[in-house]
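Taking it in order: structure first as structure tokens, then the write-up.
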Amino acid sequence: MPVNVPVNNVKAMLNQQYGFSTWRSLDTAIKRLRCTKENFFTHLMPALENEDFYRDTPIFACKFSPQEGNEQFVALANEDGKLAIHDSSNNNRYGTLAHNNAIFDLAWTFDQMKLVTASGDHTSKLFSVDNGEIREERVFCGHSRSVKTVTFRKNDSSVFASGGRDGNIIIWDTRTNVNSFMGRMDRTIHNSHTAQTITPNKSRKKYTVSGPSIKSVTGLVFQDENTLISCGAGDGLIKVWDLRKNYIPYKRGALPKTVIPYAGSTSRNGYSNLIMDIESSKLYANCLDNTIYCYNMNTYNSQPIMRYVGHQNNTFYVKSSLCKNGTYLISGSSDENAYIWNTKHSRPLVKLTGHTAEVTSVGWCSNNILLITCSDDMTHKIWTVGLDGLPEDWQYSDKGLAEVMPLITNSPVKIKLKRQHLLDDTLSDYTPKRICVECEICSNIISSRFCENCNVTTLKRKSTNETMNENKRLQTEFGPRRLFANVNNIISNESQLAVKSLDLHESDESQEDYEPASKIPKLHPSTSASNANMFPSPTVNLPNYVIDGVAPHISYSPPKKKDLDWLTKIRIEKSIKRDFNRTIEPVKPKTPKLDCTPKPAKCSSPRSPLLRFFKVTNNAQKSDETNCSKPHGGCAYLTVNIQPNQ
């Protein structure tokens with residue numbers, strides 16, 4: 001049995017005054033939520049002997065009965081179309097096959113044990129629960145696609161509204177056409193949620209805006225008898241409708257009473273659930289950007305008064321629920337946990353662990369701290385308040401535990417600086433453009449020169465050392481140059497020369513007694529004035545261009561290059577490429593070639609141009625007397641037969 005912790009603060013205060021009970025903090029009770037093995041269920045209804053190894057389909061909807069005296073009954077519906085009633089006081093369960101398709105939502109009447117369902121078979125049905133039986137009373141047909149959400153009018157058990165994937169909102173009255181089993185619609189709001197789709201056009205590099213596309217109605221809730229609030233799957237709008245107005249003539253798009261735009265900055269602007277507190281002043285909307293927005297419905301302000309974060313909402317099946325007085329909020333999550341918020345804080349108070357899949361539907365009992373969570377792991381758990389400490393056999397009966405979340409406030413955390421005491425007395429009289437913290441080694445804190453360890457900061461504005469850095473030169477036409485010499489560098493160089501000269505004169509002394517200077521002396525302002533430390537100069541933190549030698553505010557831009565025509569650019573590129581290839585290729589040394597082949601001797605007689613028209617044949621025979629040793633033609637010792645070319 002659950003621990004009876006009253007949720008109503010007034011009732012708890014009266015019980016304390018009469019001595020019936022002590023004041024209890026609900027935060028403390030919520031932190032002790034447990035799920036034991038007896039409250040862990042793998043089937044929607046009691047399993048038969050041959051169904052022990054099989055689990056039902058995921059549960060899509062679960063809600064506690066609001067009727068006084070029957071708050072312990074919770075209705076559950078799953079993907080197979082089964083509807084079950086679970087008595088949390090003794091864990092008795094019974095049910096029936098209500099639809100031939102999935103049941104996405106259900107709603108109880110406030111004064112009777114009756115409920116209406118929304119199914120994927122395009123219908124809604126009214127059931128009565130009595131004496132352990134579920135009896136079907138009427139069927140309501142009017143949607144052309146799946147019915148996604150239903151809700152009853154506030155303080156009226158005969159009028160309810162349904163919204164479907166066809167974008168229509170239908171108002172039903174159970175008192176009409178009583179003699180017929182089929183219900184008749186009272187009024188219809190056509191195309192309640194539409195949005196224009198923008199698609200890119202590749203051919204013209206533009207965006208094509210198509211006509212309005214119909215978006216599914218995912219949430220409905222009544223604010224009063226004549227005001228209905230709805231949300232859509234993809235248009236990012238929460239619309240307020242006045243039911244006293246006739247919306248039948250508006251076939252394309254009805255004009256609502258008020259529109260609350262999307263308050264986030266992402267493209268995931270669809271809503272999965274809407275709930276209203278008991279005073280009808282605050283609206284809680286589960287959005288797919290992992291945020292639950294709370295709006296003030298008394299003023300219809302477009303800016304939310306609170307944003308609840310810390311969970312994940314990736315699907316339209318994640319829903320939330322409020323306790324009776326609206327001080328605590330529970331929601332499912334896609335990270336296998338359920339989260340509970342104190343509505344005064346944006347971060348969750350606890351998270352309920354134990355599921356192994358996405359937690360979709362949740363419920364909160366109206367008269368006690370009794371919760372139910374349903375998950376895609378085909379299980380549902382009932383959470384009750386346990387003892388302060390865990391029992392000894394908890395590891396055997398553990399099916400879920402509430403883990404306390406760290407409370408993160410919105411106020412920034414103040415971090416104290418390490419050397420804050422140095423700034424309290426000295427830098428409080430003036431406000432420089434940049435405060436530099438100095439270590440204890442530096443003797444004069446008024447000086448604008450600091451050591452390397454002092455000038456450490458994470459500010460975006462550049463420090464004085466960065467602006468006065470020696471590497472920053474003035475770029476001129478002839479290269480970098482300085483305006484004038486740095487006085488500190490001159491003094492430091494002179495001090496180094498003085499130290500070297502001292503080393504030469506004192507070379508005969510022992511080196512153990514010698515200690516080199518750990519820090520080069522700096523140029524400090526004159527200390528002759530007695531009131532210098534008491535009244536610091538207002539210009540002490542300004543840069544001294546005479547000492548540093550560089551004026552950073554003066555900048556010389558390099559000379560602009562002359563524009564060249566395209567032919568000259570090609571010629572220059574070719575010449576650069578040719579010179580580059582010459583530098584890369586190795587130059588081979590020139591070596592003289594030795595020609596071993598005998599060269600023919602030149603003939604003394606000139607070649608006649610007539611030989612172009614005659615063929616020369618060598619048929620002469622050498623004689624012993626006139627024998628020439630030179631093997632060439634045209635010699636006087638050879639007889640040549642000249643024949644004309646044919």
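Each chain in the structure tokens gets a letter, A, B and so on, in the order shown; residues start at 1 in every chain, and ligands are counted from 1 in the order they appear.
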- Task: Report the residues of stretch 321-395 of chain A whose backbone DSSP state falls under strand (DSSP E), written as a ChimeraX atom specification.
- Result: /A:321-322,328-331,338-342,350-353,359-364,371-375,380-385
- Would you kindly return, as a PyMOL selection string, each protein, DNA or RNA residue with an atom no farther than 8 Å from any atom of A:His99, considering only C-alpha atoms and excluding same-chain residues fewer than 4 positions away? chain A and resi 80-82+103+119+121
Okay, now the selection with N, CA and C atoms, as a PDB file, in the first residue's frame?
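For reference, part.pdb as written:
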```pdb
ATOM      1  N   ASP A  80      -2.058  -2.726 -29.609  1.00  0.00           N
ATOM      2  CA  ASP A  80      -2.955  -3.727 -30.185  1.00  0.00           C
ATOM      3  C   ASP A  80      -4.418  -3.332 -30.121  1.00  0.00           C
ATOM      4  N   GLY A  81      -4.742  -2.240 -29.471  1.00  0.00           N
ATOM      5  CA  GLY A  81      -6.130  -1.839 -29.320  1.00  0.00           C
ATOM      6  C   GLY A  81      -6.776  -2.359 -28.054  1.00  0.00           C
ATOM      7  N   LYS A  82      -5.982  -2.883 -27.099  1.00  0.00           N
ATOM      8  CA  LYS A  82      -6.522  -3.402 -25.848  1.00  0.00           C
ATOM      9  C   LYS A  82      -6.688  -2.271 -24.845  1.00  0.00           C
ATOM     10  N   ILE A 103      -4.552   2.371 -29.814  1.00  0.00           N
ATOM     11  CA  ILE A 103      -5.241   3.415 -29.064  1.00  0.00           C
ATOM     12  C   ILE A 103      -4.190   4.437 -28.651  1.00  0.00           C
ATOM     13  N   SER A 119      -8.461   6.142 -31.438  1.00  0.00           N
ATOM     14  CA  SER A 119      -7.796   4.995 -32.046  1.00  0.00           C
ATOM     15  C   SER A 119      -7.340   5.307 -33.464  1.00  0.00           C
ATOM     16  N   ASP A 121      -8.096   3.427 -35.914  1.00  0.00           N
ATOM     17  CA  ASP A 121      -9.102   2.967 -36.871  1.00  0.00           C
ATOM     18  C   ASP A 121     -10.101   4.059 -37.237  1.00  0.00           C
TER      19      ASP A 121
END
```
- Task: May I have the residues within 7 Å of A:Val217 as a PyMOL selection string, using only C-alpha atoms and disregarding those fewer than 6 positions away in the same chain?
- Result: chain A and resi 148+163-165+167+193+231-233
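Pairwise distance (atom CA of A:Gln67, atom CA of A:Cys365) equals 10.9 Å.
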Skip A:Leu401 itself and residues of its chain fewer than 4 positions away, then list as a PDB file with all heavy atoms, in the first residue's frame all residues within 8 Å of it, counting only C-alpha atoms.
```pdb
ATOM      1  N   LEU A  33      10.667   7.850  -3.820  1.00  0.00           N
ATOM      2  CA  LEU A  33       9.821   7.030  -4.685  1.00  0.00           C
ATOM      3  C   LEU A  33      10.544   5.730  -5.045  1.00  0.00           C
ATOM      4  O   LEU A  33      11.730   5.732  -5.396  1.00  0.00           O
ATOM      5  CB  LEU A  33       9.447   7.796  -5.952  1.00  0.00           C
ATOM      6  CG  LEU A  33       8.409   8.907  -5.793  1.00  0.00           C
ATOM      7  CD1 LEU A  33       8.264   9.681  -7.085  1.00  0.00           C
ATOM      8  CD2 LEU A  33       7.062   8.339  -5.363  1.00  0.00           C
ATOM      9  N   ARG A  34       9.799   4.627  -4.972  1.00  0.00           N
ATOM     10  CA  ARG A  34      10.355   3.308  -5.252  1.00  0.00           C
ATOM     11  C   ARG A  34       9.370   2.531  -6.121  1.00  0.00           C
ATOM     12  O   ARG A  34       8.168   2.799  -6.139  1.00  0.00           O
ATOM     13  CB  ARG A  34      10.591   2.513  -3.961  1.00  0.00           C
ATOM     14  CG  ARG A  34      11.388   3.239  -2.894  1.00  0.00           C
ATOM     15  CD  ARG A  34      12.875   3.201  -3.170  1.00  0.00           C
ATOM     16  NE  ARG A  34      13.609   3.719  -2.026  1.00  0.00           N
ATOM     17  CZ  ARG A  34      13.960   4.991  -1.858  1.00  0.00           C
ATOM     18  NH1 ARG A  34      13.602   5.884  -2.768  1.00  0.00           N
ATOM     19  NH2 ARG A  34      14.640   5.376  -0.797  1.00  0.00           N
ATOM     20  N   CYS A  35       9.917   1.558  -6.836  1.00  0.00           N
ATOM     21  CA  CYS A  35       9.108   0.595  -7.571  1.00  0.00           C
ATOM     22  C   CYS A  35       9.599  -0.797  -7.193  1.00  0.00           C
ATOM     23  O   CYS A  35      10.731  -1.176  -7.519  1.00  0.00           O
ATOM     24  CB  CYS A  35       9.196   0.812  -9.080  1.00  0.00           C
ATOM     25  SG  CYS A  35       8.241  -0.388 -10.034  1.00  0.00           S
ATOM     26  N   LEU A 352      13.296   9.009 -12.433  1.00  0.00           N
ATOM     27  CA  LEU A 352      12.879   7.651 -12.105  1.00  0.00           C
ATOM     28  C   LEU A 352      13.557   6.694 -13.074  1.00  0.00           C
ATOM     29  O   LEU A 352      13.319   6.744 -14.284  1.00  0.00           O
ATOM     30  CB  LEU A 352      11.352   7.520 -12.190  1.00  0.00           C
ATOM     31  CG  LEU A 352      10.551   8.528 -11.367  1.00  0.00           C
ATOM     32  CD1 LEU A 352       9.062   8.294 -11.537  1.00  0.00           C
ATOM     33  CD2 LEU A 352      10.940   8.477  -9.900  1.00  0.00           C
ATOM     34  N   THR A 353      14.419   5.858 -12.550  1.00  0.00           N
ATOM     35  CA  THR A 353      15.208   4.936 -13.367  1.00  0.00           C
ATOM     36  C   THR A 353      14.637   3.527 -13.249  1.00  0.00           C
ATOM     37  O   THR A 353      13.903   3.203 -12.316  1.00  0.00           O
ATOM     38  CB  THR A 353      16.671   4.944 -12.914  1.00  0.00           C
ATOM     39  OG1 THR A 353      16.742   4.514 -11.546  1.00  0.00           O
ATOM     40  CG2 THR A 353      17.262   6.337 -13.020  1.00  0.00           C
ATOM     41  N   GLY A 354      14.998   2.673 -14.184  1.00  0.00           N
ATOM     42  CA  GLY A 354      14.580   1.276 -14.147  1.00  0.00           C
ATOM     43  C   GLY A 354      14.081   0.754 -15.473  1.00  0.00           C
ATOM     44  O   GLY A 354      14.133  -0.457 -15.709  1.00  0.00           O
TER      45      GLY A 354
END
```
- Message: DSSP on the backbone: which residues in stretch 13-211 of chain A end up as helix (DSSP H, G or I)? Give the answer as a PyMOL selection string.
- Response: chain A and resi 13-18+26-30+37-39+49-51
- Item | Residue nearest A:Ala84 among A:Phe64, A:Tyr54, A:Phe140, A:Tyr339 (counting only C-alpha atoms) |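 Among A:Phe64, A:Tyr54, A:Phe140, A:Tyr339, it is A:Phe64 that comes nearest to A:Ala84.
Of note, atom CA of A:Thr123 and atom CA of A:Asn70 are spaced 27.2 Å apart.
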- Task: Compile the contact shell of stretch 272-278 of chain A as a PyMOL selection string: residues with an atom at most 6 Å away, counting only C-alpha atoms, same-chain residues fewer than 3 positions apart removed.
- Result: chain A and resi 218-219+282-286+316+319+326
